[in-house]
Amino acid sequence: MSALPAAPPAPRMHWGLLVAASAILMVTMGVRQTSGLYLDPIHRSTGVSIVEISFALAIGQFVWGAVQPVFGAVADQRGALPVLLFGGVLLAVGLLLAPYLTSPLGLSASLGLLMAAGAGAGSFSVLIGATAHRLPAEKRSFAAGLINAGGSLGQFVFAPLVQWIISSAGWARAMSTMAAITLLSLPLAWPLRRQAGDHAAGAQAGDDGGLRAQLRAALRDRSYWCLHLGFFTCGLHIAFLVTHLPGEIALCNLSPTVASTSIALIGLFNIAGSLIVGALGQRYRMKYLLFWMYASRALMIGVYLVAPPTPLTFYVFSAALGFTWLATVPPTAGLVGKLFGPRYLGTLFGLTLLSHQLGGFFGAWLGGVALAQSGNYLWMWYADIALAAIAALVNLPIREARYSCHGVAARG
């Protein structure tokens, strides 16, 4: 009798892989989430209007989302390493060219196309997709939270750095500094290279019916569309704030330091939020985590609107909001993995990120329109409250397995 083939080893936690992915996201999100700090300096130095710069940044929001499923699919098929290297170079080129392309069209090309596409290649869909199939299924939510925390750390670290460089040396020098940091971070992509057995892991999980089959199954799934709708609102909310929170603070006659500190606080508190929500996703149904996070945003914005416009108000608001800021990513990615498996997670989660950034386009652009037409952002805040409440409710119909008292999924 011939011996039976040995069973493949069980997946284990790969801490080096997760640290590398977190560090890459720290850089790419550090660049993206500080973009609002450039808005007023570019306006003052070039004469390009706030609405035109907002539109360029809105294009960047859309492009960052549009490339996610594309780069996610390439990484699913060919590995994450070439995608991450290409994206890093593209991001650095966009940063270096922006000070020389100061027309509305030029800013749309540098900020809206090159920078956004490069940051998208080194973002959630590629990084979470590249790590998910190497990890135990029950640890993927925590791993997504850990990677996401790296992006929040980038926001916390780079917001004060970028503001300091802008204040002391100008926005062009700040962009060239970020370009250098991006290029120096490229070696971090090496641990995420494709390894032997990566395709087999997805097939053994029983989810490799082919990319087209997975796309057809996802697009017929009501739960998948509910995730898209909720994430659309999340994108609108985040893009509006990251682009226009500095403008809101300026309207209150507060210093730019309050703006950079507020953005940094959002990132700092989202580190905790990402890790806690990622850990909770191992024990509790993730659709309920999403419900409570979106509902809390509606409440926090309402409280902010009736509070006095002081630095303390912005700091408390930023800290509270930061806890849920991008903490929606781990449960959203976790639900996509639960519904369809890890094999094509980069592609399928990339499509949900596209919905997120469609919302981001409107959040960045309409914020500028609101300011130009009414001199403030009030109606955008009201829209945010309504949409956050809708996003909370739309997650409840998602079908998701319960967890038993031992943390094991049970249908129901």
# chains A, B, ... in the order shown; residues from 1 in each chain; ligands from 1
>>> residues_around(residues="region 28-32 of chain A", least_positions_apart="5", cutoff="6 Å", atoms="only C-alpha atoms", output="ChimeraX atom specification")
/A:119,151,154-155,158
>>> residues_around(residues="Leu18 (chain A)", least_positions_apart="5", cutoff="12 Å", atoms="only C-alpha atoms", output="ChimeraX atom specification")
/A:12-13,23-25,127-132,134-135,139-140,142-150,188-189,191-192
>>> residues_around(residues="region 247-264 of chain A", least_positions_apart="6", cutoff="7 Å", atoms="only C-alpha atoms", output="ChimeraX atom specification")
/A:155-157,159-160,163,309,311,314-315,318
>>> closest_residue(among="A:Ser296, A:Thr34, A:Thr347, A:Ser110", to="Val126 (chain A)", atoms="only C-alpha atoms")
A:Thr347
>>> closest_residue(among="A:Ile266, A:Ala391, A:Ala174, A:Val306", to="Ala319 (chain A)", atoms="only C-alpha atoms")
A:Ile266
>>> closest_atom_pairs(of="region 62-141 of chain A", to="region 41-55 of chain A", cutoff="12 Å", atoms="only C-alpha atoms", output="Markdown table")
| residue | atom | partner | partner_atom | distance |
| --- | --- | --- | --- | --- |
| A:Phe62 | CA | A:Phe55 | CA | 10.5 |
| A:Ala98 | CA | A:Ile42 | CA | 10.0 |
| A:Pro99 | CA | A:Ile42 | CA | 8.8 |
| A:Tyr100 | CA | A:Thr46 | CA | 10.6 |
| A:Leu101 | CA | A:Thr46 | CA | 10.1 |
| A:Thr102 | CA | A:Thr46 | CA | 6.5 |
| A:Ser103 | CA | A:Val48 | CA | 7.0 |
| A:Pro104 | CA | A:Glu52 | CA | 6.1 |
| A:Leu105 | CA | A:Glu52 | CA | 9.1 |
| A:Gly106 | CA | A:Ile53 | CA | 10.4 |
| A:Leu107 | CA | A:Ile53 | CA | 7.3 |
| A:Ser108 | CA | A:Phe55 | CA | 7.7 |
| A:Ala109 | CA | A:Phe55 | CA | 11.4 |
| A:Ser110 | CA | A:Ile53 | CA | 11.4 |
| A:Leu111 | CA | A:Ile53 | CA | 9.2 |
| A:Gly112 | CA | A:Phe55 | CA | 8.5 |
| A:Leu113 | CA | A:Phe55 | CA | 11.9 |
>>> select_by_dssp(residues="region 182-270 of chain A", states="helix (DSSP H, G or I)", output="ChimeraX atom specification")
/A:182-184,186-192,198-204,211-219,222-251,256-270
>>> decode(residues="region 172-191 of chain A", atoms="N, CA, C and O atoms", output="CSV table (one decimal), in the first residue's frame")
chain,number,residue,atom,x,y,z
A,172,ALA,N,6.2,72.6,-1.5
A,172,ALA,CA,6.9,71.8,-2.5
A,172,ALA,C,8.0,70.9,-1.8
A,172,ALA,O,8.2,69.8,-2.2
A,173,ARG,N,8.7,71.5,-0.8
A,173,ARG,CA,9.7,70.8,-0.1
A,173,ARG,C,9.0,69.6,0.7
A,173,ARG,O,9.6,68.5,0.8
A,174,ALA,N,7.8,69.9,1.2
A,174,ALA,CA,7.1,68.8,2.0
A,174,ALA,C,6.9,67.6,1.0
A,174,ALA,O,7.0,66.5,1.4
A,175,MET,N,6.4,67.9,-0.2
A,175,MET,CA,6.2,66.8,-1.1
A,175,MET,C,7.4,66.1,-1.5
A,175,MET,O,7.4,64.8,-1.7
A,176,SER,N,8.5,66.8,-1.8
A,176,SER,CA,9.8,66.1,-2.1
A,176,SER,C,10.3,65.2,-1.0
A,176,SER,O,10.8,64.2,-1.2
A,177,THR,N,10.1,65.7,0.3
A,177,THR,CA,10.5,64.9,1.4
A,177,THR,C,9.7,63.6,1.5
A,177,THR,O,10.2,62.5,1.7
A,178,MET,N,8.3,63.7,1.2
A,178,MET,CA,7.5,62.5,1.2
A,178,MET,C,7.9,61.6,0.1
A,178,MET,O,7.8,60.3,0.2
A,179,ALA,N,8.3,62.1,-1.1
A,179,ALA,CA,8.7,61.3,-2.2
A,179,ALA,C,10.0,60.5,-1.8
A,179,ALA,O,10.1,59.3,-2.1
A,180,ALA,N,10.9,61.1,-1.1
A,180,ALA,CA,12.1,60.4,-0.7
A,180,ALA,C,11.8,59.3,0.3
A,180,ALA,O,12.3,58.2,0.2
A,181,ILE,N,10.9,59.6,1.3
A,181,ILE,CA,10.5,58.6,2.2
A,181,ILE,C,9.8,57.4,1.5
A,181,ILE,O,10.0,56.2,1.8
A,182,THR,N,9.0,57.7,0.5
A,182,THR,CA,8.3,56.6,-0.3
A,182,THR,C,9.3,55.7,-0.9
A,182,THR,O,9.2,54.5,-0.9
A,183,LEU,N,10.4,56.3,-1.6
A,183,LEU,CA,11.4,55.5,-2.3
A,183,LEU,C,12.2,54.7,-1.3
A,183,LEU,O,12.6,53.5,-1.6
A,184,LEU,N,12.5,55.2,-0.1
A,184,LEU,CA,13.3,54.5,0.9
A,184,LEU,C,12.5,53.3,1.4
A,184,LEU,O,13.1,52.4,2.0
A,185,SER,N,11.2,53.4,1.3
A,185,SER,CA,10.3,52.3,1.9
A,185,SER,C,10.2,51.1,0.9
A,185,SER,O,9.6,50.1,1.3
A,186,LEU,N,10.6,51.2,-0.3
A,186,LEU,CA,10.4,50.1,-1.3
A,186,LEU,C,10.9,48.8,-0.8
A,186,LEU,O,10.3,47.7,-1.1
A,187,PRO,N,12.1,48.6,-0.2
A,187,PRO,CA,12.5,47.3,0.3
A,187,PRO,C,11.6,46.6,1.2
A,187,PRO,O,11.6,45.4,1.3
A,188,LEU,N,10.6,47.3,1.8
A,188,LEU,CA,9.6,46.7,2.7
A,188,LEU,C,8.7,45.7,1.9
A,188,LEU,O,8.1,44.9,2.5
A,189,ALA,N,8.7,45.9,0.6
A,189,ALA,CA,7.8,45.0,-0.2
A,189,ALA,C,8.3,43.6,-0.3
A,189,ALA,O,7.5,42.7,-0.7
A,190,TRP,N,9.6,43.4,-0.1
A,190,TRP,CA,10.2,42.1,-0.3
A,190,TRP,C,9.5,40.9,0.4
A,190,TRP,O,9.3,39.8,-0.1
A,191,PRO,N,9.2,41.1,1.7
A,191,PRO,CA,8.6,39.9,2.4
A,191,PRO,C,7.2,39.5,1.9
A,191,PRO,O,6.7,38.4,2.2
